[in-house]
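For reference, final_20.txt (compact mmCIF, C-alpha atoms and all ligand atoms):
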# COMPACT_ATOMS: atom_id res chain seq x y z
CA MET A 4 79.33 107.04 57.19
CA ASN A 5 75.75 107.94 56.29
CA VAL A 6 73.90 104.65 55.58
CA ARG A 7 70.25 104.52 54.39
CA ARG A 8 67.78 101.91 53.27
CA TYR A 9 65.40 102.39 50.30
CA ARG A 10 62.42 100.52 48.92
CA ALA A 11 61.88 100.85 45.17
CA ARG A 12 60.04 99.30 42.24
CA ASP A 13 63.25 98.58 40.33
CA MET A 14 66.92 99.52 40.19
CA ARG A 15 66.26 102.66 38.19
CA ASP A 16 63.76 103.87 40.79
CA ALA A 17 66.18 102.98 43.59
CA MET A 18 69.03 104.86 41.95
CA ARG A 19 66.80 107.91 41.56
CA GLN A 20 65.86 107.84 45.26
CA VAL A 21 69.48 107.38 46.33
CA ARG A 22 70.58 110.25 44.14
CA GLU A 23 67.84 112.49 45.52
CA GLN A 24 68.49 111.64 49.17
CA GLN A 25 72.27 111.17 49.30
CA GLY A 26 73.57 112.61 46.06
CA ALA A 27 75.55 111.19 43.15
CA ASP A 28 78.50 110.08 45.33
CA ALA A 29 76.46 107.54 47.31
CA VAL A 30 77.53 103.92 47.04
CA ILE A 31 75.05 101.04 46.87
CA LEU A 32 76.08 98.43 49.44
CA SER A 33 73.40 95.83 48.88
CA SER A 34 70.16 95.13 47.05
CA ARG A 35 67.58 92.38 47.49
CA ARG A 36 63.97 91.60 46.68
CA VAL A 37 61.51 91.90 49.58
CA ASP A 38 57.80 91.27 48.97
CA GLY A 39 58.14 92.07 45.29
CA MET A 40 59.94 95.33 46.03
CA LEU A 41 63.63 96.08 45.69
CA GLU A 42 65.37 96.97 48.95
CA VAL A 43 68.57 98.87 48.52
CA VAL A 44 71.12 99.94 51.12
CA ALA A 45 73.28 102.89 50.17
CA ALA A 46 76.04 104.73 51.96
CA LEU A 47 77.65 108.11 51.61
CA GLU A 48 81.11 108.78 52.93
CA PRO A 49 81.58 112.12 54.61
CA ALA A 50 83.60 114.51 52.43
CA PRO A 51 87.32 114.29 53.31
CA ALA A 52 88.78 117.23 55.19
CA ALA A 53 90.51 119.68 52.87
CA ASN A 54 93.98 119.17 54.34
CA VAL A 55 93.91 115.37 54.30
CA THR A 56 95.84 113.69 51.49
CA GLU A 57 95.83 110.03 50.57
CA SER A 58 99.55 109.56 50.38
CA GLY A 59 100.56 112.07 52.94
CA SER A 60 103.46 113.00 50.71
CA ALA A 61 101.86 115.68 48.60
CA ASN A 62 101.72 119.25 49.74
CA ARG A 63 104.29 118.68 52.48
CA SER A 64 104.52 122.37 53.27
CA ALA A 65 100.93 122.31 54.59
CA HIS A 66 100.00 120.59 57.79
CA THR A 67 98.76 117.18 56.56
CA ILE A 68 97.29 114.18 58.33
CA PRO A 69 98.19 110.90 56.60
CA VAL A 70 95.17 108.76 55.80
CA ASP A 71 95.00 105.30 57.34
CA PRO A 72 96.16 102.95 54.51
CA GLU A 73 93.40 100.48 55.42
CA LEU A 74 90.81 103.21 55.03
CA ALA A 75 92.30 104.23 51.69
CA ALA A 76 92.17 100.61 50.47
CA MET A 77 88.57 100.33 51.60
CA ARG A 78 87.70 103.53 49.81
CA ARG A 79 89.24 102.24 46.59
CA GLU A 80 87.39 98.96 46.94
CA LEU A 81 84.10 100.79 47.45
CA SER A 82 84.74 102.87 44.39
CA ASP A 83 85.44 99.73 42.32
CA LEU A 84 82.31 98.16 43.70
CA ARG A 85 80.28 101.18 42.73
CA THR A 86 81.58 101.04 39.14
CA LEU A 87 80.79 97.34 38.99
CA LEU A 88 77.31 97.84 40.35
CA MET A 89 76.61 100.61 37.90
CA GLN A 90 77.72 98.39 35.02
CA GLN A 91 75.56 95.55 36.26
CA ASN A 92 72.70 97.92 36.61
CA ALA A 93 73.05 99.02 32.99
CA TRP A 94 73.10 95.40 31.88
CA SER A 95 70.18 94.40 33.97
CA GLU A 96 68.09 97.28 32.60
CA ARG A 97 68.62 96.01 29.06
CA ASP A 98 67.92 92.46 30.22
CA GLN A 99 64.84 93.59 32.05
CA TRP A 100 63.62 95.34 28.91
CA ALA A 101 64.24 92.16 26.92
CA VAL A 102 62.27 90.13 29.46
CA ARG A 103 59.38 92.58 29.36
CA HIS A 104 59.40 92.87 25.52
CA PRO A 105 60.68 89.54 24.18
CA LEU A 106 59.44 90.05 20.63
CA ALA A 107 60.87 93.55 20.35
CA ALA A 108 64.19 92.35 21.76
CA GLU A 109 64.31 89.49 19.25
CA PHE A 110 63.62 91.93 16.41
CA VAL A 111 66.32 94.35 17.58
CA GLU A 112 68.83 91.50 17.56
CA ARG A 113 67.67 90.36 14.12
CA LEU A 114 67.93 93.89 12.70
CA GLN A 115 71.38 94.42 14.17
CA LYS A 116 72.57 91.16 12.61
CA CYS A 117 71.54 92.63 9.25
CA GLY A 118 73.72 95.66 9.93
CA PHE A 119 71.04 98.11 11.12
CA SER A 120 72.16 100.51 13.80
CA GLU A 121 70.88 99.84 17.32
CA LYS A 122 69.27 103.27 17.38
CA LEU A 123 67.26 102.61 14.23
CA ALA A 124 66.43 99.05 15.29
CA ARG A 125 65.06 100.29 18.61
CA SER A 126 63.03 103.04 17.00
CA LEU A 127 61.61 100.55 14.47
CA VAL A 128 60.48 98.10 17.13
CA GLY A 129 59.12 100.93 19.24
CA SER A 130 55.72 100.75 17.61
CA ILE A 131 55.20 97.00 17.30
CA HIS A 132 52.19 95.52 19.01
CA GLU A 133 53.34 92.93 21.49
CA ASP A 134 50.04 91.08 21.24
CA SER A 135 50.30 90.47 17.48
CA THR A 136 51.95 87.36 16.07
CA ALA A 137 55.66 87.50 15.26
CA GLU A 138 54.89 87.31 11.52
CA THR A 139 52.41 90.18 11.58
CA ALA A 140 54.67 92.32 13.73
CA TRP A 141 57.69 91.66 11.48
CA SER A 142 55.69 92.37 8.35
CA ARG A 143 54.53 95.71 9.84
CA LEU A 144 58.11 96.53 10.75
CA ARG A 145 59.23 95.75 7.19
CA THR A 146 56.51 97.99 5.74
CA ARG A 147 57.43 100.79 8.13
CA LEU A 148 61.12 100.50 7.26
CA SER A 149 60.43 100.48 3.55
CA ALA A 150 58.12 103.50 3.81
CA SER A 151 60.76 105.43 5.74
CA ILE A 152 63.32 105.33 2.93
CA ALA A 153 62.95 108.53 0.95
CA THR A 154 62.87 108.30 -2.83
CA ALA A 155 63.10 110.99 -5.49
CA ALA A 156 61.56 111.21 -8.94
CA PRO A 157 63.98 111.70 -11.86
CA THR A 158 62.06 114.74 -13.13
CA VAL A 159 65.12 116.20 -14.86
CA LEU A 160 65.27 113.13 -17.10
CA GLU A 161 61.69 113.59 -18.21
CA GLN A 162 61.84 117.34 -18.74
CA GLY A 163 65.43 117.81 -19.84
CA GLY A 164 68.04 120.07 -18.31
CA MET A 165 71.52 119.74 -16.88
CA LEU A 166 72.38 116.91 -14.57
CA ALA A 167 75.78 116.30 -13.00
CA LEU A 168 76.88 113.24 -11.08
CA VAL A 169 79.22 113.79 -8.15
CA GLY A 170 80.85 111.43 -5.68
CA SER A 171 84.11 109.82 -4.65
CA THR A 172 86.43 108.08 -7.11
CA GLY A 173 85.42 104.64 -8.33
CA VAL A 174 81.89 104.67 -6.94
CA GLY A 175 80.27 104.29 -10.37
CA LYS A 176 79.60 107.85 -11.59
CA THR A 177 80.70 107.26 -15.19
CA THR A 178 78.90 103.92 -15.32
CA THR A 179 75.73 105.56 -14.00
CA LEU A 180 76.10 108.37 -16.53
CA ASN A 181 76.33 105.81 -19.35
CA ARG A 182 73.26 104.10 -18.00
CA LEU A 183 71.28 107.32 -17.83
CA ALA A 184 72.39 108.27 -21.35
CA LEU A 185 71.34 104.89 -22.70
CA ARG A 186 67.98 105.14 -20.97
CA GLN A 187 67.45 108.59 -22.49
CA ILE A 188 68.47 107.45 -25.98
CA ARG A 189 66.02 104.58 -25.79
CA ARG A 190 63.21 106.84 -24.70
CA MET A 191 63.82 110.05 -26.63
CA GLY A 192 66.39 109.27 -29.32
CA ARG A 193 70.05 110.13 -29.82
CA ASP A 194 69.49 113.86 -30.29
CA SER A 195 68.08 114.18 -26.81
CA VAL A 196 71.39 113.66 -24.98
CA ILE A 197 74.67 115.54 -24.72
CA LEU A 198 77.47 113.95 -22.73
CA VAL A 199 79.95 116.24 -21.04
CA THR A 200 82.84 115.47 -18.77
CA LEU A 201 84.79 117.62 -16.37
CA ASP A 202 87.02 114.70 -15.47
CA ARG A 203 90.41 115.84 -16.68
CA GLN A 204 92.27 114.24 -13.86
CA ARG A 205 92.55 110.67 -15.06
CA ILE A 206 93.73 109.95 -18.60
CA GLY A 207 91.45 106.96 -18.90
CA ALA A 208 88.35 108.76 -17.67
CA TYR A 209 87.63 110.75 -20.83
CA LYS A 210 88.53 107.80 -23.05
CA GLN A 211 86.08 105.63 -21.10
CA LEU A 212 83.25 108.07 -21.74
CA GLN A 213 84.35 108.66 -25.33
CA ALA A 214 84.21 104.94 -26.05
CA PHE A 215 80.69 104.87 -24.74
CA GLY A 216 79.74 107.93 -26.80
CA GLN A 217 81.05 106.24 -29.94
CA MET A 218 79.11 103.09 -29.29
CA ALA A 219 75.94 104.95 -28.44
CA GLY A 220 76.39 107.37 -31.31
CA ILE A 221 76.31 110.55 -29.25
CA PRO A 222 78.88 113.34 -28.86
CA VAL A 223 81.07 113.61 -25.78
CA THR A 224 82.59 116.95 -24.85
CA LEU A 225 85.50 117.49 -22.51
CA LEU A 226 85.18 120.79 -20.69
CA GLU A 227 88.06 122.86 -19.34
CA SER A 228 86.22 124.07 -16.29
CA GLU A 229 82.78 124.24 -14.82
CA ARG A 230 82.45 127.81 -16.22
CA ASP A 231 82.11 126.28 -19.71
CA LEU A 232 78.80 124.86 -18.56
CA VAL A 233 77.27 128.32 -18.79
CA ALA A 234 77.73 128.41 -22.58
CA LEU A 235 76.35 124.91 -22.83
CA SER A 236 73.27 125.64 -20.76
CA ASN A 237 71.34 127.16 -23.68
CA ARG A 238 71.46 123.76 -25.37
CA ALA A 239 69.73 122.11 -22.46
CA GLY A 240 65.98 122.19 -21.99
CA ASP A 241 63.10 121.41 -24.33
CA GLY A 242 63.50 117.82 -23.34
CA LYS A 243 67.23 117.83 -24.11
CA LEU A 244 69.42 116.42 -21.41
CA VAL A 245 73.01 117.45 -20.71
CA LEU A 246 74.66 114.74 -18.61
CA ILE A 247 77.81 115.88 -16.81
CA ASP A 248 80.46 113.50 -15.52
CA THR A 249 82.85 114.77 -12.87
CA GLU A 250 86.14 113.58 -11.49
CA GLY A 251 86.05 111.66 -8.26
CA GLN A 252 86.89 113.65 -5.20
CA ALA A 253 88.03 112.51 -1.81
CA ALA A 254 85.55 113.50 0.87
CA ARG A 255 87.89 116.09 2.40
CA GLU A 256 88.60 117.64 -0.99
CA ALA A 257 84.88 117.79 -1.82
CA ALA A 258 84.17 119.60 1.41
CA GLU A 259 86.74 122.26 0.50
CA ARG A 260 86.00 122.63 -3.20
CA ASN A 261 82.21 122.91 -3.39
CA LEU A 262 81.89 121.80 -6.99
CA PHE A 263 79.65 124.03 -9.17
CA ALA A 264 79.50 126.78 -6.54
CA LYS A 265 80.80 129.27 -9.14
CA VAL A 266 78.16 128.57 -11.77
CA ARG A 267 75.17 127.41 -9.83
CA HIS A 268 73.57 130.85 -9.62
CA GLN A 269 73.86 131.30 -13.42
CA ILE A 270 72.49 128.03 -14.74
CA PRO A 271 69.79 125.59 -13.71
CA LEU A 272 71.83 122.58 -12.71
CA GLU A 273 70.85 119.49 -10.81
CA THR A 274 73.39 117.27 -9.08
CA TRP A 275 72.98 113.71 -7.87
CA LEU A 276 75.38 112.16 -5.42
CA VAL A 277 76.54 108.63 -6.27
CA ILE A 278 77.23 106.44 -3.23
CA PRO A 279 78.24 102.78 -3.09
CA ALA A 280 76.51 100.29 -0.81
CA THR A 281 79.96 98.96 0.08
CA HIS A 282 80.85 101.98 2.23
CA GLN A 283 80.76 101.57 5.98
CA ALA A 284 78.22 103.73 7.80
CA MET A 285 80.87 106.09 9.12
CA VAL A 286 82.41 106.66 5.68
CA LEU A 287 78.99 107.13 4.12
CA ARG A 288 78.04 109.77 6.69
CA GLN A 289 81.30 111.56 5.99
CA VAL A 290 80.65 111.49 2.22
CA LEU A 291 77.10 112.80 2.61
CA GLN A 292 78.41 115.59 4.79
CA SER A 293 81.33 116.48 2.51
CA PHE A 294 79.34 116.67 -0.70
CA GLN A 295 76.71 119.01 0.74
CA GLY A 296 78.58 121.85 -0.96
CA SER A 297 77.66 120.40 -4.37
CA GLU A 298 73.99 120.68 -3.30
CA PRO A 299 72.86 117.23 -4.44
CA SER A 300 69.11 116.79 -4.80
CA ALA A 301 69.06 112.97 -4.96
CA LEU A 302 71.14 109.86 -4.42
CA VAL A 303 72.14 106.97 -6.69
CA LEU A 304 73.13 103.82 -4.81
CA THR A 305 75.64 101.57 -6.60
CA LYS A 306 77.28 98.20 -5.90
CA VAL A 307 74.30 96.78 -4.01
CA ASP A 308 75.53 93.38 -5.26
CA GLU A 309 78.89 93.83 -3.52
CA ALA A 310 77.53 94.86 -0.12
CA GLU A 311 77.96 92.36 2.70
CA GLN A 312 74.97 93.86 4.46
CA LEU A 313 72.59 96.53 3.32
CA GLY A 314 71.30 97.36 6.82
CA GLU A 315 74.20 99.69 7.49
CA THR A 316 73.56 101.64 4.27
CA LEU A 317 69.82 101.90 4.88
CA SER A 318 70.42 103.07 8.45
CA VAL A 319 72.45 106.00 7.12
CA LEU A 320 69.94 106.73 4.34
CA LEU A 321 67.24 107.06 7.00
CA GLU A 322 69.30 109.59 8.92
CA GLN A 323 69.36 112.11 6.08
CA ARG A 324 66.87 113.86 3.79
CA LEU A 325 68.01 113.09 0.21
CA GLY A 326 65.80 110.69 -1.74
CA LEU A 327 67.06 107.66 -3.63
CA VAL A 328 66.43 107.82 -7.36
CA PHE A 329 68.18 104.76 -8.87
CA TYR A 330 70.29 101.87 -7.69
CA SER A 331 72.55 99.37 -9.42
CA ASP A 332 73.53 95.84 -8.50
CA GLY A 333 76.13 94.78 -11.04
CA GLN A 334 78.39 95.96 -13.82
CA ARG A 335 76.08 95.37 -16.75
CA ILE A 336 74.90 98.63 -18.22
CA ASP A 337 71.24 97.87 -18.57
CA GLU A 338 70.12 94.81 -16.61
CA ASP A 339 71.77 95.92 -13.39
CA PHE A 340 70.33 99.43 -13.21
CA HIS A 341 66.99 99.96 -11.47
CA LYS A 342 64.55 102.59 -10.30
CA ALA A 343 64.67 103.02 -6.53
CA ASP A 344 62.45 100.29 -5.14
CA THR A 345 62.35 100.53 -1.36
CA THR A 346 60.30 97.36 -0.90
CA TYR A 347 62.92 95.31 -2.71
CA LEU A 348 65.89 97.00 -1.02
CA THR A 349 64.27 96.54 2.38
CA ARG A 350 63.75 92.82 1.81
CA LEU A 351 67.31 92.54 0.58
CA ALA A 352 68.57 94.34 3.68
CA LEU A 353 66.49 92.07 5.92
CA GLN A 354 68.03 89.11 4.09
CA GLU A 355 64.65 87.83 3.01
CA PRO A 356 63.63 86.36 -0.34
CA ALA A 357 63.11 89.29 -2.65
CA ARG A 358 61.72 89.81 -6.09
CA PRO A 359 64.16 91.90 -8.14
CA ALA A 360 62.97 95.42 -8.74
CA GLU A 361 61.78 96.83 -12.02
CA ILE A 362 64.58 97.18 -14.51
CA VAL A 363 64.99 100.67 -15.89
CA PHE A 364 65.33 99.41 -19.44
CA GLU A 365 61.87 97.95 -19.62
CA ASP A 366 62.20 96.82 -23.22
CA HIS A 367 65.06 94.47 -22.30
CA ALA A 368 63.79 93.49 -18.89
CA ALA A 369 62.85 89.97 -18.06
CA PRO A 370 59.19 89.97 -17.07
CA ALA A 371 58.98 90.38 -13.30
CA ALA A 372 56.77 87.32 -12.90
CA SER A 373 59.44 85.02 -14.25
CA ALA A 374 62.06 86.35 -11.86
CA PRO A 375 63.16 83.81 -9.26
CA LEU A 376 61.44 84.62 -6.00
CA ASN A 377 63.73 82.74 -3.72
CA ARG A 378 67.03 84.06 -4.93
CA ALA A 379 69.30 84.45 -1.92
CA PRO A 380 70.08 88.15 -2.04
CA PHE A 381 73.82 87.96 -1.58
CA ALA A 382 74.51 84.43 -2.70
CA SER A 383 74.75 85.03 -6.43
CA PRO A 384 78.29 84.64 -7.73
CA PRO A 385 79.96 87.83 -8.94
CA ARG A 386 79.38 88.38 -12.63
CA ALA A 387 82.26 88.94 -14.97
CA PRO A 388 82.44 92.48 -16.35
CA ARG A 389 80.90 92.46 -19.79
CA GLU A 390 79.90 96.06 -20.20
CA THR A 391 81.17 96.37 -23.76
CA MET A 392 79.54 93.17 -24.83
CA VAL A 393 76.21 94.30 -23.51
CA LEU A 394 76.55 97.69 -25.16
CA GLU A 395 77.33 96.14 -28.52
CA SER A 396 74.45 93.79 -28.22
CA VAL A 397 71.88 96.47 -27.55
CA LEU A 398 73.18 99.28 -29.73
CA PRO A 399 74.32 99.20 -33.32
CA PHE A 400 78.02 99.97 -33.27
CA ARG A 401 78.64 103.22 -35.13
CA LYS A 402 82.02 103.75 -36.67
CA THR A 403 81.63 107.53 -37.08
CA VAL A 404 83.52 109.34 -34.36
CA HIS A 405 81.11 111.85 -32.89
CA ALA A 406 83.21 112.70 -29.94
CA ALA A 407 86.06 115.09 -30.28
CA PRO A 408 88.06 116.77 -27.55
CA HIS A 409 88.22 120.54 -27.67
N1 LIG A 501 79.71 95.22 -8.90
C1 LIG A 501 79.35 96.42 -9.32
N2 LIG A 501 80.24 97.20 -9.94
C2 LIG A 501 79.84 98.43 -10.35
C3 LIG A 501 78.53 98.92 -10.15
N3 LIG A 501 78.46 100.17 -10.65
C4 LIG A 501 79.68 100.45 -11.16
N4 LIG A 501 80.53 99.41 -10.99
C5 LIG A 501 81.93 99.27 -11.37
O1 LIG A 501 82.73 100.12 -10.58
C6 LIG A 501 83.90 100.49 -11.29
C7 LIG A 501 84.10 102.00 -11.23
O2 LIG A 501 83.06 102.62 -11.92
P1 LIG A 501 83.19 104.06 -12.59
O3 LIG A 501 81.87 104.37 -13.22
O4 LIG A 501 84.39 104.16 -13.45
O5 LIG A 501 83.41 104.95 -11.28
P2 LIG A 501 83.71 106.52 -11.19
O6 LIG A 501 85.15 106.65 -10.85
O7 LIG A 501 82.84 107.01 -10.08
O8 LIG A 501 83.36 107.14 -12.50
C8 LIG A 501 83.71 99.98 -12.71
O9 LIG A 501 84.45 98.79 -12.84
C9 LIG A 501 82.22 99.69 -12.80
O10 LIG A 501 81.92 98.65 -13.71
C10 LIG A 501 77.60 98.05 -9.47
O11 LIG A 501 76.44 98.39 -9.23
N5 LIG A 501 78.07 96.83 -9.08
MG MG A 502 84.54 108.29 -13.78
Represent the supplied structure as structure tokens.
Ligand SMILES: Nc1nc2c(ncn2[C@@H]2O[C@H](COP(=O)(O)OP(=O)(O)O)[C@@H](O)[C@H]2O)c(=O)[nH]1
Ligand SMILES: [Mg+2]
Amino acid sequence: MNVRRYRARDMRDAMRQVREQQGADAVILSSRRVDGMLEVVAALEPAPAANVTESGSANRSAHTIPVDPELAAMRRELSDLRTLLMQQNAWSERDQWAVRHPLAAEFVERLQKCGFSEKLARSLVGSIHEDSTAETAWSRLRTRLSASIATAAPTVLEQGGMLALVGSTGVGKTTTLNRLALRQIRRMGRDSVILVTLDRQRIGAYKQLQAFGQMAGIPVTLLESERDLVALSNRAGDGKLVLIDTEGQAAREAAERNLFAKVRHQIPLETWLVIPATHQAMVLRQVLQSFQGSEPSALVLTKVDEAEQLGETLSVLLEQRLGLVFYSDGQRIDEDFHKADTTYLTRLALQEPARPAEIVFEDHAAPAASAPLNRAPFASPPRAPRETMVLESVLPFRKTVHAAPH
């Protein structure tokens, strides 16, 4: 057995030397501190002869020499010991890092408790100054995190055009569409919006949108297929907005179908992907991947109020390039719909007191200054759905049926 002694700065350095001198199969027999250096003893077994088998039973036709059972046991024990040592080494490296960078380690733990991925947490703490106070360092980290979340401007809403919402079933597409329509009506009047749905799958889906159209006093059109959008496209523009609702698609289905692929080259069409904050990171990644075929240009984040932790969602948002345009944190049509506010969402994710973001419907918004500053982000009790009530209270109910199916 080839036994050697090494002196190294730390375990990582020792392992490197052992690997260089004796190769990857060497086994570390002992390690101890001597004069501030790490002394490591490693051994390398000679390679077994080709015709030697452990059991002696295999390959009986060849001339085999049975291995001494004691030697075999020792070999197994050494192998176990090596695995154990390697595990301990991995642990101690993390511990050593934590000892060297206590503030960074504390922050990584804090971020992970909020649901942030370890990878993101480590990259966020990478730039903190160890000599600054914990408060300053944390505040810098918060600013950095908030600045890293991409946002998008809702240009299509200002200029008019065609906008479709895509996403899985039940994520809040129709609700978001209603919200966007209401926002547009308030800003530009009833004639500025056309509501269209491609959701023929669920009986209730069209009725849901139709009811909204009636209340808001705008027409709702049910289209046969996405090809019908071509004829409709000449009505968009000049500030007029065509809002398109789609049926929910399972991620796998979305990946196969590539919604709007047939018409995209003929008409200017923007799509936004609606994602709920309640999805787990893995599911969210899958959704983002699957809906790439619909070529979304922005994201709407819903159900922020229902998320246990927002860290997981933000971690995924930081991994991809699409900007966040709006988010919602409740079922109420107006009060719970907001422009993307990364400062607020970051504070919410870090489970810190946060001032609610600007409400999209400014005219009905409570002034920001009067908003409670110390509201626990996730502590508020779930609100009862009162969509219809809210709609009736903000819009005169019109009895004329504007919506008619084709
Ligand atoms: N708690 C909560 N519920 C929401 C939010 N946005 C939408 N919803 C609810 O989610 C449910 C499904 O919404 P819907 O718009 O029909 O989803 P769609 O299938 O994607 O069209 C409805 O009950 C909505 O009221 C939100 O931000 N928070
Ligand atoms: Mg829907």
Give me the residues of chain A that have any atom at most 9 Å from an atom of ligand LIG 501 (chain A); for each, the nearest atom pair and the distance in Å, rounded to one decimal. Use only C-alpha atoms and all ligand atoms, sort by chain and number, and format it as a tab-separated table.
residue	atom	partner	partner_atom	distance
A:Leu168	CA	A:LIG501	O7	8.7
A:Val169	CA	A:LIG501	O7	7.9
A:Gly170	CA	A:LIG501	O7	6.5
A:Ser171	CA	A:LIG501	O7	6.2
A:Thr172	CA	A:LIG501	O6	4.2
A:Gly173	CA	A:LIG501	O6	3.2
A:Val174	CA	A:LIG501	O7	4.0
A:Gly175	CA	A:LIG501	O3	3.3
A:Lys176	CA	A:LIG501	O7	3.7
A:Thr177	CA	A:LIG501	O3	3.7
A:Thr178	CA	A:LIG501	O3	3.7
A:Thr179	CA	A:LIG501	O3	6.3
A:Leu180	CA	A:LIG501	O3	7.8
A:Asn181	CA	A:LIG501	O3	8.4
A:Asp202	CA	A:LIG501	O8	8.9
A:Ala208	CA	A:LIG501	O8	7.4
A:Gln211	CA	A:LIG501	O4	8.0
A:Asp248	CA	A:LIG501	O8	7.6
A:Thr249	CA	A:LIG501	O8	7.7
A:Glu250	CA	A:LIG501	O6	7.0
A:Gly251	CA	A:LIG501	O6	5.7
A:Val277	CA	A:LIG501	O7	7.5
A:Ile278	CA	A:LIG501	O7	8.9
A:Pro279	CA	A:LIG501	O11	7.8
A:Ala280	CA	A:LIG501	O11	8.6
A:Leu304	CA	A:LIG501	O11	7.7
A:Thr305	CA	A:LIG501	O11	4.2
A:Lys306	CA	A:LIG501	O11	3.4
A:Val307	CA	A:LIG501	O11	5.9
A:Asp308	CA	A:LIG501	N5	5.7
A:Glu309	CA	A:LIG501	N1	5.6
A:Tyr330	CA	A:LIG501	O11	7.2
A:Ser331	CA	A:LIG501	O11	4.0
A:Asp332	CA	A:LIG501	O11	3.9
A:Gly333	CA	A:LIG501	N5	3.4
A:Gln334	CA	A:LIG501	O10	4.4
A:Arg335	CA	A:LIG501	O10	7.4
A:Ile336	CA	A:LIG501	O10	8.3
A:Asp339	CA	A:LIG501	O11	6.7
A:Phe340	CA	A:LIG501	O11	7.4
A:Pro385	CA	A:LIG501	N1	7.4
A:Arg386	CA	A:LIG501	N1	7.8
A:Pro388	CA	A:LIG501	O10	6.7
A:Arg389	CA	A:LIG501	O10	8.7
A:Glu390	CA	A:LIG501	O10	7.3
Checklist entry - Can you tell me, as a ChimeraX atom specification, what residues are no more than 12 Å from Ser142 of chain A when counting only C-alpha atoms, ignoring any on the same chain fewer than 6 positions away? => result /A:110,127-128,131-132,135-136,148-149,346,349-350,353,355
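One finds atom CA of Arg358 of chain A at 29.4 Å from atom CA of Met285 of chain A.
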Checklist outcome for this item: Counting all atoms listed in the file, closest pick from A:Phe119, A:Tyr209, A:Tyr9, A:Phe329 relative to ligand MG 502 (chain A) is A:Tyr209
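The two atoms in question, atom CA of Leu212 of chain A and atom CA of Thr154 of chain A, are spaced 27.8 Å apart.
Each of A:Asp194, A:Glu322, A:Asp38, A:Glu229 was compared to Ile152 of chain A using only C-alpha atoms, and A:Glu322 turns out to be the nearest.
The coordinates place atom CA of Ser300 of chain A at 21.7 Å from atom CA of Glu315 of chain A.
The environment of Leu226 of chain A within 7 Å, counting only C-alpha atoms and disregarding residues fewer than 5 places along the same chain, consists of A:Val199, A:Thr200, A:Leu201, A:Asp231.
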Checklist entry - Leaving out Lys210 of chain A and any residue of its chain fewer than 5 positions from it, which residues lie within 12 Å of it when counting all atoms listed in the file, given as a PyMOL selection string? => result chain A and resi 177+200+202-205+215-217+223-225+406-408
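The smallest atom-to-atom distance between ligand MG 502 (chain A) and any of A:Val44, A:Met165, A:Ile206, A:Leu183, using all atoms listed in the file, is found for A:Ile206.
Each of A:Ala254, A:Val111, A:Ala76, A:Ala11 was compared to Arg35 of chain A using all atoms listed in the file, and A:Ala11 turns out to be the nearest.
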Checklist entry - Can you tell me, as a ChimeraX atom specification, what residues are no more than 7 Å from segment 286-293 of chain A when counting all atoms listed in the file, ignoring any on the same chain fewer than 4 positions away? => result /A:254-255,257-258,282,319
With C-alpha atoms retained, export the selected residues as a PDB file, in the frame of the given file.
ATOM      1  CA  ALA A 254      85.550 113.500   0.870  1.00  0.00           C
ATOM      2  CA  ARG A 255      87.890 116.090   2.400  1.00  0.00           C
ATOM      3  CA  ALA A 257      84.880 117.790  -1.820  1.00  0.00           C
ATOM      4  CA  ALA A 258      84.170 119.600   1.410  1.00  0.00           C
ATOM      5  CA  HIS A 282      80.850 101.980   2.230  1.00  0.00           C
ATOM      6  CA  VAL A 319      72.450 106.000   7.120  1.00  0.00           C
TER       7      VAL A 319
END
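Using only C-alpha atoms and all ligand atoms for every distance, the candidate list A:Leu81, A:Leu262, A:Leu272, A:Ile247 yields A:Ile247 as the residue closest to ligand MG 502 (chain A).
Minimum distance to ligand MG 502 (chain A) across A:Gln187, A:Thr158, A:Gln252, A:Ser82 (counting all atoms listed in the file) occurs at A:Gln252.
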Output segment 218-224 of chain A as an mmCIF file, keeping the file's coordinate frame, making sure N, CA and C atoms are there.
data_model
loop_
_atom_site.group_PDB
_atom_site.id
_atom_site.type_symbol
_atom_site.label_atom_id
_atom_site.label_comp_id
_atom_site.auth_asym_id
_atom_site.auth_seq_id
_atom_site.Cartn_x
_atom_site.Cartn_y
_atom_site.Cartn_z
ATOM 1 N N MET A 218 79.998 104.250 -29.166
ATOM 2 C CA MET A 218 79.110 103.090 -29.290
ATOM 3 C C MET A 218 77.656 103.521 -29.340
ATOM 4 N N ALA A 219 77.333 104.507 -28.511
ATOM 5 C CA ALA A 219 75.940 104.950 -28.440
ATOM 6 C C ALA A 219 75.603 105.922 -29.555
ATOM 7 N N GLY A 220 76.630 106.437 -30.226
ATOM 8 C CA GLY A 220 76.390 107.370 -31.310
ATOM 9 C C GLY A 220 76.015 108.764 -30.839
ATOM 10 N N ILE A 221 76.588 109.191 -29.736
ATOM 11 C CA ILE A 221 76.310 110.550 -29.250
ATOM 12 C C ILE A 221 77.631 111.271 -28.952
ATOM 13 N N PRO A 222 77.635 112.605 -29.098
ATOM 14 C CA PRO A 222 78.880 113.340 -28.860
ATOM 15 C C PRO A 222 79.252 113.412 -27.381
ATOM 16 N N VAL A 223 80.561 113.443 -27.155
ATOM 17 C CA VAL A 223 81.070 113.610 -25.780
ATOM 18 C C VAL A 223 81.991 114.821 -25.790
ATOM 19 N N THR A 224 81.772 115.739 -24.898
ATOM 20 C CA THR A 224 82.590 116.950 -24.850
ATOM 21 C C THR A 224 83.375 117.013 -23.554
#
